[in-house]
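Below is one structure, written out as structure tokens; the observations come after it.
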Amino acid sequence: MDENEILKQLICFSEKENNAEEISRKLLETYGSISSILDSDKALYMKSMKMREQTAVLISVVAAINRRCEIEKVKGNYINNTEIAKKYFEAYLKGYSNEVIAAVILNSRFYKLNDRFISFGSAGSVSSMCRKFAEAAVFNDNARYMIISHNHPSGNTEPSQEDIFSTECLVEAMNLVNVTVLDHIIVGRNSSLSMKEKFGDEIFENTKGYKIK
Amino acid sequence: MEEKNLNAGHRKRMRDKFLKGYEESFFNHELLEIFLFYCIPVANTNRLAHDLIKSFGGISEVFNADKEELLKINGISDKTAEKIVYIKNFIGRYGESTKKDSEFFNFDKIAEYYVNYFRNVKAEIFLFVSIDPGYEIFNKVSVPVNMLTERKISLNDIAKWLIKKNMHHIVIGINHMNGIIVPTSTDYNMVQFFSKNLKVLDIIVEDCFICSDSRAFSMRKNGMRFNDGF
């Protein structure tokens, strides 16, 4: 199948065949290839193609799914030791010039169920932060463990007193929703630190299956 | 009827949220849920999205599954399974997962990247690629050249898209359909325009590659100055 036919069949998920044919032809005339279309911004399709919102969302969500699948293949789905956790979040958070906080949610076999950003910029109060982590966990069936992470734009990976205090609060808070916080990874410029490696059982429960490596 | 209206309202809200928001803020199951809107009319697809990811172990596995495996999931019809399998054509085919390393920023590697990208592109495109460290796959934004020259989009639009994709250090690629890889005055002016105006948002244009017929020309390598002004 040529690109025109492939794209047309996709757009048929949202449009009648005649419309899909015309939209597909116009998109390829403008963008030159399906790759360029998927790499563009949805606002641009709607603006330039006078496209229905539903169709713009379809193309964009397929592009987004494509990227997630690629990320999943590269990053992997199984996080059961500190080395994998550090590499995971180094990939996830590097490049951000402001502070971001993220979490990965795992099932009882340490298999990733989901990951997401919890906040960009200022964290807010500890309790509102704990609430956001809890929300991230409870909306995943089978959530059993969580690994949290944030970056230090300064590049230094040493945890501050605030980092330590927030982590202790979060460990306690997440117990209320039956999720164990395994680790807190701090990502610097060229490296990361595992608070599990640094503090061990002082902060975190001793969980068989999540190893210090 | 009431359930149909509730679901219609939910779908509109999800689409609006997707249109307005950051892609990164969506869980994988939410992206899948939105995709399933186009497979299953009316019904709530949130539960099904969760079930699919749980059964197959990840979103990439859902779109890697065979039709027979998908049909075993409660709620997946023949047509839905076919549509999910159809997306396999896209996954991997239209994206790259090249592992970027700290040596990415050398002319040969970037030139090769653009030559491969533009090989099958049949229109003139600006392709902005992030060369910031830490991403396994390339953050990129494509913009048809004619949309810029005909002023259908503005620098503001491009700036917003680059920020949304968290791009700081970028390289621009432009493909010429005429086989000539020498930059035109329009190319030069556009790149100069971006370089000067995006700097205030901490978006630094590091180079521009002109590509055509599997060849690439680096403006930086050929003496043009970046960052410190043209």
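The way I read the labels, and the way they are meant: chains A, B, ... in the order of the structure tokens, residue 1 as the first residue of every chain, and ligand 1 as the first ligand shown, with later ones counted on from there.
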
With chain B as the partner and 7 Å as the cut-off, tabulate the residues of chain A that qualify, each row holding the nearest pair of atoms and their distance in Å to one decimal, using only C-alpha atoms, sorted by chain and rising number, as a tab-separated table.
```
residue	atom	partner	partner_atom	distance
A:Phe13	CA	B:Tyr38	CA	5.7
A:Ser14	CA	B:Tyr38	CA	6.5
A:Glu29	CA	B:Ala123	CA	6.4
A:Thr30	CA	B:Ala123	CA	6.2
A:Tyr31	CA	B:Ala123	CA	5.7
A:Gly32	CA	B:Lys122	CA	4.0
A:Ser33	CA	B:Val121	CA	4.8
A:Ser35	CA	B:Tyr94	CA	5.2
A:Ser36	CA	B:Ser142	CA	5.6
A:Asp39	CA	B:Val141	CA	5.2
A:Ser40	CA	B:Ser142	CA	4.7
A:Asp41	CA	B:Trp161	CA	6.9
A:Val57	CA	B:Arg15	CA	6.7
A:Leu58	CA	B:Phe35	CA	6.8
A:Val61	CA	B:Leu31	CA	6.4
A:Ile65	CA	B:Leu31	CA	6.7
A:Asn66	CA	B:Ile91	CA	5.1
A:Arg67	CA	B:Gly95	CA	6.9
A:Cys69	CA	B:Ser60	CA	4.4
A:Glu70	CA	B:Ser97	CA	5.9
A:Glu72	CA	B:Ser60	CA	6.6
A:Glu90	CA	B:Gly134	CA	6.8
A:Ala91	CA	B:Gly134	CA	5.1
A:Lys94	CA	B:Gly134	CA	4.8
A:Gly95	CA	B:Gly134	CA	5.8
A:Asn114	CA	B:Phe27	CA	6.8
A:Arg116	CA	B:Ser25	CA	6.7
A:Phe117	CA	B:Ser25	CA	6.5
```

Subject >> Selection: 12 Å around A:Phe89, only C-alpha atoms, excl. self and same-chain fewer than 5 positions, as a PyMOL selection string >> reply: (chain A and resi 75-76+79+82-84+94-96+100-104+115-117+147-151+183-188+190-194) or (chain B and resi 134-136)

Atoms to include: C-alpha atoms. Write the selected residues as a compact mmCIF listing (two decimals), in the first residue's frame.
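Saved as again27.txt:
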```
# COMPACT_ATOMS: atom_id res chain seq x y z
CA LYS A 75 13.05 2.05 28.33
CA GLY A 76 11.69 -1.35 29.15
CA ILE A 79 12.16 -2.09 37.33
CA THR A 82 18.27 0.70 41.80
CA GLU A 83 20.40 0.64 38.66
CA ILE A 84 17.41 0.20 36.33
CA LYS A 94 17.08 14.71 31.69
CA GLY A 95 16.82 17.81 29.59
CA TYR A 96 14.35 19.67 31.78
CA VAL A 100 9.90 18.29 37.55
CA ILE A 101 8.62 15.46 39.67
CA ALA A 102 7.63 12.10 38.25
CA ALA A 103 6.63 8.65 39.38
CA VAL A 104 6.49 5.16 38.02
CA ASP A 115 4.54 6.48 34.62
CA ARG A 116 3.64 10.11 34.75
CA PHE A 117 4.71 13.59 35.64
CA ILE A 147 9.32 4.83 42.59
CA ILE A 148 9.42 8.59 42.61
CA SER A 149 11.91 10.95 41.10
CA HIS A 150 12.73 14.57 40.66
CA ASN A 151 15.53 16.47 39.03
CA ASP A 183 12.94 4.53 46.14
CA HIS A 184 13.39 8.18 45.33
CA ILE A 185 15.75 8.92 42.43
CA ILE A 186 17.31 12.37 42.20
CA VAL A 187 18.47 13.17 38.68
CA GLY A 188 21.34 15.61 38.20
CA ASN A 190 25.10 13.66 34.25
CA SER A 191 24.17 11.21 36.97
CA SER A 192 21.52 10.28 39.47
CA LEU A 193 21.28 9.19 43.07
CA SER A 194 19.11 6.53 44.64
CA GLY B 134 18.52 12.60 27.67
CA TYR B 135 15.94 11.63 25.11
CA GLU B 136 15.96 8.19 23.61
```

Original post:
Residues at most 8 Å from stretch 170-178 of chain A, counting only C-alpha atoms, excluding those fewer than 5 positions away in the same chain, as a ChimeraX atom specification?
Top reply: /A:130,133-134,138,144,203-204

Original post:
Leaving out B:Ala65 and any residue of its chain fewer than 6 positions from it, which residues lie within 10 Å of it when counting only C-alpha atoms, given as a ChimeraX atom specification?
Top reply: /B:56,81,84-85,88

Original post:
Which one is closest to B:Ile203: B:Ser218, B:Ser130, B:Thr186, B:Asn156? Count only C-alpha atoms.
Top reply: B:Ser130

**OP:** Go through stretch 21-209 of chain B and collect every residue that DSSP, computed from the backbone, puts in helix (DSSP H, G or I); the answer should be as a PyMOL selection string.
**Re:** chain B and resi 23-25+28-37+46-56+59-62+67-71+78-87+107-118+145-149+155-164+185-201

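When the distance limit is 9 Å and only C-alpha atoms are what count, the residues near B:Leu198, minus those fewer than 5 positions from it on the same chain, are Leu155, Ala159, Phe193, Ile203, Ile204 and Val205 of chain B.
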
Go ahead and write the selection's residues with N, CA and C atoms as a tab-separated table (two decimals), in the first residue's frame.
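Wrote part.tsv, looks like this:
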```tsv
chain	number	residue	atom	x	y	z
B	155	LEU	N	5.70	32.77	13.88
B	155	LEU	CA	6.79	32.43	14.79
B	155	LEU	C	6.23	32.05	16.16
B	159	ALA	N	7.14	28.77	18.18
B	159	ALA	CA	7.75	28.89	19.52
B	159	ALA	C	6.96	28.04	20.53
B	193	PHE	N	16.15	34.34	11.07
B	193	PHE	CA	14.96	34.82	11.78
B	193	PHE	C	14.71	33.97	13.02
B	203	ILE	N	15.82	28.91	23.28
B	203	ILE	CA	15.83	27.90	22.21
B	203	ILE	C	16.94	28.32	21.25
B	204	ILE	N	17.96	27.48	21.22
B	204	ILE	CA	19.18	27.86	20.48
B	204	ILE	C	19.27	27.05	19.19
B	205	VAL	N	19.35	27.76	18.08
B	205	VAL	CA	19.52	27.07	16.78
B	205	VAL	C	21.01	26.81	16.61
```

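Looking only at stretch 31-209 of chain B, the set that DSSP places in strand (DSSP E or B) from backbone geometry is Ile125, Phe126, Leu127, Phe128, Val129, Ser130, Lys140, Val141, Ser142, Val143, Pro144, His169, Ile170, Val171, Ile172, Gly173, Ile174, Asn175, Ile204, Val205, Glu206, Asp207, Cys208 and Phe209 of chain B.
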
Subject >> Residue neighbourhood A:Asn4, 12 Å, only C-alpha atoms, exclusion window fewer than 5 positions, as a list in words >> reply: Gln9, Leu10, Ile11, Ala20, Glu21, Glu22, Ile23, Ser24, Arg25, Lys26, Leu27, Leu28, Glu29, Tyr31, Gly32, Ser33 and Ile34 of chain A; Lys122 of chain B

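With only C-alpha atoms as the basis for measurement, A:Glu99 is the residue among A:Glu99, A:Thr180, A:Lys47, A:Met1 that approaches A:His152 most closely.
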
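Closest approach to B:Ser55 from the set A:Ala63, A:Val179, A:Leu113, A:Cys169 is made by A:Leu113, with distances taken over only C-alpha atoms.
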